[in-house]
Amino acid sequence: MAQNNEELVRLKSLTRRALILGGVQLAVFGGIAGRLYQLQVEESDRFALLAEENRINVKLLIPPRGQILDRFGKQLAVNQQNYRVVLTSEQTPNAEATLEALGRIVAVGDSERERVLREVRRNSFVPITVAENLTWEQVSQIEVNAPDLPGISIEVGQTRLYPYGTMFSHLLGYVAKVAESELKESEDPLLTLPDFRIGKNGIEKTYDTALRGKAGTRQIEVNSVGRVIRELSRNEGKPGRDLVLTLDGGLQAYAYQRLMGETAASTVVLDIQTGDVLAMASVPSYDANLFTLGLSAGDWKTLTEDTLKPMTNRTIGGLYAPGSTFKMTVALAALEAGVSPAHAVFCPGVYRLGNARFHCWKRGGHGYMNMRDGIKHSCDVFFYDTARRIGIDRISEMAFKLGLGAPTGIDLHSERAGVIPTRDWKLANFGEPWQGGETLVTAIGQGFVLATPLQLAVMVARLASGKAVTPHLSRGFRDQGPDDAAPPSLFAPLGVPPEHMALILDAMNAVVNEKGGTAGRSKIIEPGWEMGGKTGTSQVRRITMSERAQGVTKNEDLPWHRRDHALFVAFAPVGNPRYACAVVVDHGGGGSAVAAPIAKDILIEVQRRDPLGRPALPEMAANVAQGQGG
Amino acid sequence: MAGVRLLNRQPAMPVGRKLLEINWGLVLLLTLLAGVGCVMLYSAAGGSIEPWAERQAVRYGLALGLLVVVALVDIRFWFRLAYPIYFIAVLMLVAVDVMGAIRMGAERWIDLGFIQLQPSEVMKVALVLALARYFYSVPPEDMGRLTVMAVPILMALVPAGLVLAQPDLGTATMLLLGAGAMLFVAGMRLWMFGAILALAAAAIPIGWEFLHDYQRQRVLTFLNPENDPLGSGYHILQSLIALGSGGVWGRGFLMGTQGHLNFVPEKQTDFIFAMLAEEFGLVGTIGLLCLYLLVLAYGFAIGLRARNHFARLLAIGVTVNLFLYVAINVAMVTGAIPVVGIPLPLISYGGTVMLSLMVSYGLMMSAYVHRDQRISRRGLSEEG
């Protein structure tokens, strides 16, 4: 029975140790239970939050961009359906074969193909854009061939479309991809989206925030690799607001077409009472649609390196010596200084100051000229003499009063200030005191004086209205709310006696409508539509003594870029001024021969169209609503 | 020779009697566990019996049949086969290591045509059998002798080394821990344990050199999970999020987002516990642990109830194996130890583990059915 004893010893030892082992196992389970308690009770909230963050993804929705309309509701910038063809690789057995089949309908370049195949390989369930801006024909062909194109589908997005192409490009601007710097300036999450386009220039830039709208959001549930499982909630956001401009689209189109005959030219038409810009055209122009579709490097180079600078809005970005169009300013300053309008100056064709000789444009001279004659015939000698009497300070003061020498404050970017010289300005910029001869040159709008066509139009509007008119392009939003600032409608008087203004306007009337006036050939014969105006021909080169001796070279014989600028500023109708217009033809030659006829045609057109006499947006809509309500 | 006579006198039980003798309570517990597994696999497939739950159920049915067959076979038969099974298992391990070396990659399987066999799983059962067989023959007074104890230590080290070479750190660890527990229960002197532990501690730096890069990465990630949030640490973090977000009551059956949106890695196999925790909360996880505890308790009870030392050690060895599976898997899923690739027994999807586990429980059941059977020192039965 030794074996039984042995067996007992073994059983005792085994039982003891098995119990110890069981105890250890129980302890381990206890530890695990403690760990589970810690995770599932104590830290449960934190992990529940993490789980939600894991699965819920918020995506931004791009709201439709607000339209831009002219004052009558004509659509100048709209959104177009952009049909994109996308490839989802998990839905096709062979992405390459599908792409090849698609290639028979839509041209897919080699590099595009490579990119698509690369992206498709990385993510099998995210649709990859193969081509954009499909034609309707392509879309329907793809739909018809759908069975042969597994994994291919059509998505609809929106792109900006400018239906009039080049006509409004300078003032509307364009939209394009967000730049790094813009991303830093704004906190709008929309800017981070690759498909988002931001206003880069013109009205699109000035009113970008309102046109943009507010981003919508889409809460989606995603799995661990980012595939969308389902949509949890959706907030459409706020669409961009439609902006109504002061422009008369038809007039703008006419003005643009009229300028197209010139190499480079610009014009502005203003409502003299409200400062509404009715037309603002600049030639040459560019097609803003190029930018929304993605401008090629070559196109960009062509646009920016062109010496005619098609990207520049000449009406606010072009600086010109105003030439004789500046003479009204001098005349008004003289009247202010107490010079009698009847005071006459004899013009022998040249004016002497010390040893210097200042020539009149008319070689033989004008004879005796009073102020009205001086403006009518644009006699330089009369203004040399007058300027010398009153001095530069009074002239520049009046020029500032008429809106020159400072930005007009129009709602566009990159407006230039121009130059009205003063004694301080000369000292600050050249370190030299003002010279007497410079006053004389300033008096005929040459020398330091520089102005934009818009400033010239504002000058005429101020002369014609007697008010401190400033120009603007926006009439407000179509859904104008009480919080929106209304465009200014009443401007403060300039503080110039009305009889002085009347004298100037009368002289401008004589320029066009009296025999011998410098713009007599551009007289408007339609009764009641007559315009008053002033020609200007500004030199871009200095005429030397020897050239003057041999006879001044004719413009036609000079290279284009050295020819004179042709200018004309005008208002109409003379009896009851409503419209102001400025026309500048770059290196066009004489103001009376080249610029005045254009101004005449535009002023006829604007009076024919009568944009101020017709109901406009957004009041138009408000009136309709009221009518319905009443 | 009284013992032999006693053996001779015991008549063989008829099969019907044996069936009644099977511990059906334990079978019910195992079936409950497999049921929980199928429910979780149904959820893991997004509420579908395809592709996992159905197959798992069928497999369990087959494995249960196997358990019964194994249980009905006389314990002495298994006693005699203990060493041969062990040697076959060692040979198979050598075979996969050689194949792995030839094919330049990790090999864990032997394809027998009709079934894919994982030798390391076979070894888990074989080692228990062999150790029980060995200690059955060692009289208590010899337990202190180094030469006697060196044999079982080698019996554990050889397969552990072969498995580590596959490489499979998790299974190798399990084999060693299982063997250690059996040595302890069999009565190995405590000073020997101390000496072995000291040797092992000294061997760690050397062992580190033999670890594969991915194994080192797992250990390092475990030591500092923040180090690598989107790499290996990402899986542990996602597992913890699933566990934690379950809370006390769980997010509801089929409602776990971590599992269904695939944030939890290997959700149908090694990390199925995280899914269960997410959907059934602390109640579910503690409930499952209690089920396992009951199964473990049955094992101990059967072991202590057996009349022969072989059956006792066999039952406890099988129980220790189950415990190791559960403890290592849950510790891994809860981020308490590095990720080692040990499934949750009877719950995780996979045939081999279920098969080996059910066969080992079949052996335990055989020990239970034949609990009053005595075996001669050499394992010879009355016929010898």
# chains A, B, ... in the order shown; residues from 1 in each chain; ligands from 1
call {"tool": "interface_residues", "arguments": {"of": "chain B", "to": "chain A", "cutoff": "8 Å", "atoms": "only C-alpha atoms", "output": "PyMOL selection string"}}
result
chain B and resi 139-140+181+184-187+240-248+257-258+260-263+281-282+285-286+289+293+300+304+309+316+323+327+330-331+334
call {"tool": "residues_around", "arguments": {"residues": "Trp425 in chain A", "least_positions_apart": "3", "cutoff": "12 Å", "atoms": "only C-alpha atoms", "output": "list in words"}}
result
Ile392, Asp393, Ser396, Gly405, Val419, Ile420, Pro421, Thr422, Ala428, Asn429, Phe430, Gly431, Glu432, Pro433, Trp434, Phe448 and Val449 of chain A
call {"tool": "select_by_dssp", "arguments": {"residues": "range 202-448 of chain A", "states": "helix (DSSP H, G or I)", "output": "PyMOL selection string"}}
result
chain A and resi 202-206+208-212+249-259+289-292+297-305+314-317+323-336+371-377+380-390+392-401+423-430+436-443
call {"tool": "residues_around", "arguments": {"residues": "range 98-103 of chain A", "least_positions_apart": "2", "cutoff": "10 Å", "atoms": "only C-alpha atoms", "output": "NGL selection string"}}
result
:A and (85 or 87 or 89 or 92-96 or 105-109 or 113 or 116-117 or 130 or 141-142 or 145-146 or 148-152)
call {"tool": "write_last_selection", "arguments": {"atoms": "C-alpha atoms", "output": "PDB file, in the first residue's frame"}}
result
ATOM      1  CA  VAL A  85     -17.020  63.124 -65.371  1.00  0.00           C
ATOM      2  CA  LEU A  87     -14.267  57.647 -62.046  1.00  0.00           C
ATOM      3  CA  SER A  89     -12.372  52.563 -59.220  1.00  0.00           C
ATOM      4  CA  THR A  92     -15.085  49.119 -62.358  1.00  0.00           C
ATOM      5  CA  PRO A  93     -13.242  45.857 -62.950  1.00  0.00           C
ATOM      6  CA  ASN A  94     -10.515  47.652 -64.874  1.00  0.00           C
ATOM      7  CA  ALA A  95      -9.943  51.371 -64.446  1.00  0.00           C
ATOM      8  CA  GLU A  96      -7.564  51.588 -67.409  1.00  0.00           C
ATOM      9  CA  ILE A 105     -16.031  60.476 -75.955  1.00  0.00           C
ATOM     10  CA  VAL A 106     -13.925  62.908 -73.946  1.00  0.00           C
ATOM     11  CA  ALA A 107     -10.322  63.656 -74.815  1.00  0.00           C
ATOM     12  CA  VAL A 108      -8.118  62.494 -71.928  1.00  0.00           C
ATOM     13  CA  GLY A 109      -4.470  63.494 -72.201  1.00  0.00           C
ATOM     14  CA  ARG A 113      -4.619  59.636 -67.492  1.00  0.00           C
ATOM     15  CA  VAL A 116      -6.313  59.726 -62.586  1.00  0.00           C
ATOM     16  CA  LEU A 117      -4.866  56.212 -62.423  1.00  0.00           C
ATOM     17  CA  VAL A 130     -11.361  62.911 -65.033  1.00  0.00           C
ATOM     18  CA  GLN A 141     -23.069  60.361 -74.990  1.00  0.00           C
ATOM     19  CA  ILE A 142     -21.630  59.187 -71.678  1.00  0.00           C
ATOM     20  CA  ASN A 145     -22.809  54.442 -73.214  1.00  0.00           C
ATOM     21  CA  ALA A 146     -23.093  53.943 -69.446  1.00  0.00           C
ATOM     22  CA  ASP A 148     -19.716  50.188 -71.347  1.00  0.00           C
ATOM     23  CA  LEU A 149     -18.344  52.664 -68.834  1.00  0.00           C
ATOM     24  CA  PRO A 150     -18.467  50.977 -65.409  1.00  0.00           C
ATOM     25  CA  GLY A 151     -17.342  53.257 -62.593  1.00  0.00           C
ATOM     26  CA  ILE A 152     -17.939  56.391 -64.659  1.00  0.00           C
TER      27      ILE A 152
END
call {"tool": "residues_around", "arguments": {"residues": "range 558-566 of chain A", "least_positions_apart": "4", "cutoff": "6 Å", "atoms": "only C-alpha atoms", "output": "ChimeraX atom specification"}}
result
/A:537-540,584-591,595
call {"tool": "residues_around", "arguments": {"residues": "Gly318 in chain A", "least_positions_apart": "6", "cutoff": "8 Å", "atoms": "only C-alpha atoms", "output": "number ranges by chain"}}
result
A: 312, 416, 451-453
call {"tool": "residues_around", "arguments": {"residues": "Pro265 in chain B", "least_positions_apart": "6", "cutoff": "8 Å", "atoms": "only C-alpha atoms", "output": "list in words"}}
result
His235, Gln238, Ser239 and Phe271 of chain B
call {"tool": "residues_around", "arguments": {"residues": "Ala399 in chain A", "least_positions_apart": "2", "cutoff": "9 Å", "atoms": "only C-alpha atoms", "output": "tab-separated table (two decimals) with N, CA and C atoms, in the first residue's frame"}}
result
chain	number	residue	atom	x	y	z
A	326	PHE	N	-8.39	120.33	-68.68
A	326	PHE	CA	-8.11	120.86	-67.34
A	326	PHE	C	-8.44	122.36	-67.27
A	329	THR	N	-11.00	123.97	-64.89
A	329	THR	CA	-10.55	124.09	-63.51
A	329	THR	C	-9.85	125.42	-63.28
A	330	VAL	N	-8.97	125.77	-64.25
A	330	VAL	CA	-8.22	127.03	-64.13
A	330	VAL	C	-9.18	128.21	-64.22
A	333	ALA	N	-11.09	128.53	-61.03
A	333	ALA	CA	-10.20	129.07	-59.99
A	333	ALA	C	-10.03	130.58	-60.18
A	394	ARG	N	-4.23	128.32	-56.05
A	394	ARG	CA	-5.67	128.39	-56.31
A	394	ARG	C	-6.09	127.33	-57.32
A	395	ILE	N	-5.22	127.09	-58.30
A	395	ILE	CA	-5.55	126.08	-59.33
A	395	ILE	C	-5.66	124.69	-58.71
A	396	SER	N	-4.63	124.32	-57.90
A	396	SER	CA	-4.67	122.96	-57.36
A	396	SER	C	-5.82	122.81	-56.36
A	397	GLU	N	-6.11	123.88	-55.62
A	397	GLU	CA	-7.23	123.82	-54.67
A	397	GLU	C	-8.53	123.51	-55.41
A	401	LYS	N	-11.03	120.18	-55.46
A	401	LYS	CA	-12.48	120.36	-55.24
A	401	LYS	C	-13.28	119.61	-56.30
A	402	LEU	N	-12.73	119.57	-57.51
A	402	LEU	CA	-13.45	118.92	-58.61
A	402	LEU	C	-13.17	117.42	-58.68
A	403	GLY	N	-12.41	116.91	-57.69
A	403	GLY	CA	-12.26	115.46	-57.61
A	403	GLY	C	-10.99	114.93	-58.25
A	404	LEU	N	-10.10	115.84	-58.62
A	404	LEU	CA	-8.85	115.36	-59.22
A	404	LEU	C	-7.79	115.17	-58.13
A	405	GLY	N	-6.73	114.44	-58.44
A	405	GLY	CA	-5.59	114.32	-57.53
A	405	GLY	C	-5.80	113.39	-56.35
A	420	ILE	N	-2.19	116.07	-58.77
A	420	ILE	CA	-2.40	117.52	-58.88
A	420	ILE	C	-1.23	118.15	-58.11
A	459	MET	N	-15.12	115.01	-62.62
A	459	MET	CA	-14.93	116.46	-62.71
A	459	MET	C	-16.10	117.09	-63.47
call {"tool": "atom_distance", "arguments": {"atom1": "CA of Leu131 in chain B", "atom2": "CA of Asp372 in chain B"}}
result
20.7 Å
call {"tool": "decode", "arguments": {"residues": "range 23-149 of chain A", "atoms": "C-alpha atoms", "output": "CSV table (one decimal), in the first residue's frame"}}
result
chain,number,residue,atom,x,y,z
A,23,GLY,CA,-6.4,31.6,-6.8
A,24,VAL,CA,-3.9,33.2,-9.2
A,25,GLN,CA,-6.3,32.8,-12.1
A,26,LEU,CA,-9.1,34.4,-10.1
A,27,ALA,CA,-6.8,37.3,-9.2
A,28,VAL,CA,-5.9,37.8,-12.9
A,29,PHE,CA,-9.6,37.8,-13.8
A,30,GLY,CA,-10.2,40.3,-11.0
A,31,GLY,CA,-7.5,42.5,-12.4
A,32,ILE,CA,-9.1,42.3,-15.8
A,33,ALA,CA,-12.4,43.2,-14.4
A,34,GLY,CA,-10.8,46.2,-12.7
A,35,ARG,CA,-9.3,47.3,-16.0
A,36,LEU,CA,-12.7,46.9,-17.7
A,37,TYR,CA,-14.3,48.9,-14.9
A,38,GLN,CA,-11.8,51.6,-15.5
A,39,LEU,CA,-12.3,51.7,-19.3
A,40,GLN,CA,-16.1,51.2,-19.4
A,41,VAL,CA,-17.2,53.2,-16.4
A,42,GLU,CA,-14.6,55.7,-15.4
A,43,GLU,CA,-13.3,56.7,-18.8
A,44,SER,CA,-16.5,55.8,-20.7
A,45,ASP,CA,-17.4,59.4,-21.5
A,46,ARG,CA,-14.1,60.2,-23.0
A,47,PHE,CA,-14.1,57.1,-25.2
A,48,ALA,CA,-17.7,57.7,-26.2
A,49,LEU,CA,-16.6,61.2,-27.4
A,50,LEU,CA,-13.7,59.7,-29.3
A,51,ALA,CA,-15.9,57.2,-30.9
A,52,GLU,CA,-18.2,60.0,-32.2
A,53,GLU,CA,-15.2,62.0,-33.4
A,54,ASN,CA,-14.1,58.9,-35.2
A,55,ARG,CA,-17.2,58.3,-37.2
A,56,ILE,CA,-18.6,61.7,-37.8
A,57,ASN,CA,-17.1,63.9,-40.5
A,58,VAL,CA,-18.4,67.4,-41.3
A,59,LYS,CA,-18.1,68.4,-44.9
A,60,LEU,CA,-18.7,72.0,-46.2
A,61,LEU,CA,-21.1,72.7,-48.9
A,62,ILE,CA,-20.2,75.5,-51.3
A,63,PRO,CA,-23.2,77.9,-51.6
A,64,PRO,CA,-24.1,79.2,-55.0
A,65,ARG,CA,-22.4,82.5,-55.7
A,66,GLY,CA,-24.6,85.5,-56.0
A,67,GLN,CA,-25.3,86.8,-59.5
A,68,ILE,CA,-24.2,90.2,-60.7
A,69,LEU,CA,-26.9,92.1,-62.5
A,70,ASP,CA,-27.1,95.4,-64.3
A,71,ARG,CA,-29.5,98.1,-63.2
A,72,PHE,CA,-32.3,96.5,-65.2
A,73,GLY,CA,-31.6,92.9,-64.1
A,74,LYS,CA,-29.6,91.8,-67.0
A,75,GLN,CA,-27.3,89.0,-65.9
A,76,LEU,CA,-23.7,90.0,-66.2
A,77,ALA,CA,-22.2,87.2,-64.0
A,78,VAL,CA,-24.1,83.9,-63.4
A,79,ASN,CA,-23.4,80.4,-62.4
A,80,GLN,CA,-23.3,77.6,-64.9
A,81,GLN,CA,-23.8,73.9,-64.4
A,82,ASN,CA,-20.4,72.4,-64.7
A,83,TYR,CA,-20.7,68.8,-65.7
A,84,ARG,CA,-17.7,66.7,-64.5
A,85,VAL,CA,-17.0,63.1,-65.4
A,86,VAL,CA,-15.7,61.1,-62.4
A,87,LEU,CA,-14.3,57.6,-62.0
A,88,THR,CA,-14.8,55.5,-59.0
A,89,SER,CA,-12.4,52.6,-59.2
A,90,GLU,CA,-14.2,50.1,-57.0
A,91,GLN,CA,-17.1,50.2,-59.4
A,92,THR,CA,-15.1,49.1,-62.4
A,93,PRO,CA,-13.2,45.9,-62.9
A,94,ASN,CA,-10.5,47.7,-64.9
A,95,ALA,CA,-9.9,51.4,-64.4
A,96,GLU,CA,-7.6,51.6,-67.4
A,97,ALA,CA,-10.0,50.0,-69.8
A,98,THR,CA,-12.8,52.2,-68.6
A,99,LEU,CA,-10.6,55.3,-69.2
A,100,GLU,CA,-9.8,54.1,-72.6
A,101,ALA,CA,-13.4,53.7,-73.5
A,102,LEU,CA,-14.2,57.1,-72.0
A,103,GLY,CA,-11.4,58.5,-74.2
A,104,ARG,CA,-13.5,57.9,-77.3
A,105,ILE,CA,-16.0,60.5,-76.0
A,106,VAL,CA,-13.9,62.9,-73.9
A,107,ALA,CA,-10.3,63.7,-74.8
A,108,VAL,CA,-8.1,62.5,-71.9
A,109,GLY,CA,-4.5,63.5,-72.2
A,110,ASP,CA,-1.7,61.2,-71.2
A,111,SER,CA,-0.6,63.2,-68.2
A,112,GLU,CA,-4.3,63.4,-67.1
A,113,ARG,CA,-4.6,59.6,-67.5
A,114,GLU,CA,-1.6,59.1,-65.3
A,115,ARG,CA,-2.9,61.4,-62.6
A,116,VAL,CA,-6.3,59.7,-62.6
A,117,LEU,CA,-4.9,56.2,-62.4
A,118,ARG,CA,-2.5,57.2,-59.6
A,119,GLU,CA,-5.3,58.8,-57.5
A,120,VAL,CA,-7.7,55.9,-58.3
A,121,ARG,CA,-5.1,53.4,-57.0
A,122,ARG,CA,-4.8,55.4,-53.8
A,123,ASN,CA,-8.5,55.5,-53.0
A,124,SER,CA,-10.9,53.0,-54.4
A,125,PHE,CA,-14.2,54.5,-53.4
A,126,VAL,CA,-13.5,58.3,-53.8
A,127,PRO,CA,-14.7,59.6,-57.2
A,128,ILE,CA,-11.8,61.1,-59.1
A,129,THR,CA,-12.5,63.9,-61.5
A,130,VAL,CA,-11.4,62.9,-65.0
A,131,ALA,CA,-12.6,65.9,-67.0
A,132,GLU,CA,-14.6,69.1,-66.3
A,133,ASN,CA,-16.8,71.4,-68.3
A,134,LEU,CA,-18.3,68.8,-70.5
A,135,THR,CA,-20.6,69.8,-73.3
A,136,TRP,CA,-24.2,68.6,-73.2
A,137,GLU,CA,-23.4,66.4,-76.1
A,138,GLN,CA,-20.6,64.7,-74.2
A,139,VAL,CA,-22.8,64.2,-71.2
A,140,SER,CA,-25.6,62.6,-73.1
A,141,GLN,CA,-23.1,60.4,-75.0
A,142,ILE,CA,-21.6,59.2,-71.7
A,143,GLU,CA,-25.1,58.5,-70.3
A,144,VAL,CA,-26.0,56.5,-73.4
A,145,ASN,CA,-22.8,54.4,-73.2
A,146,ALA,CA,-23.1,53.9,-69.4
A,147,PRO,CA,-23.1,50.1,-69.6
A,148,ASP,CA,-19.7,50.2,-71.3
A,149,LEU,CA,-18.3,52.7,-68.8
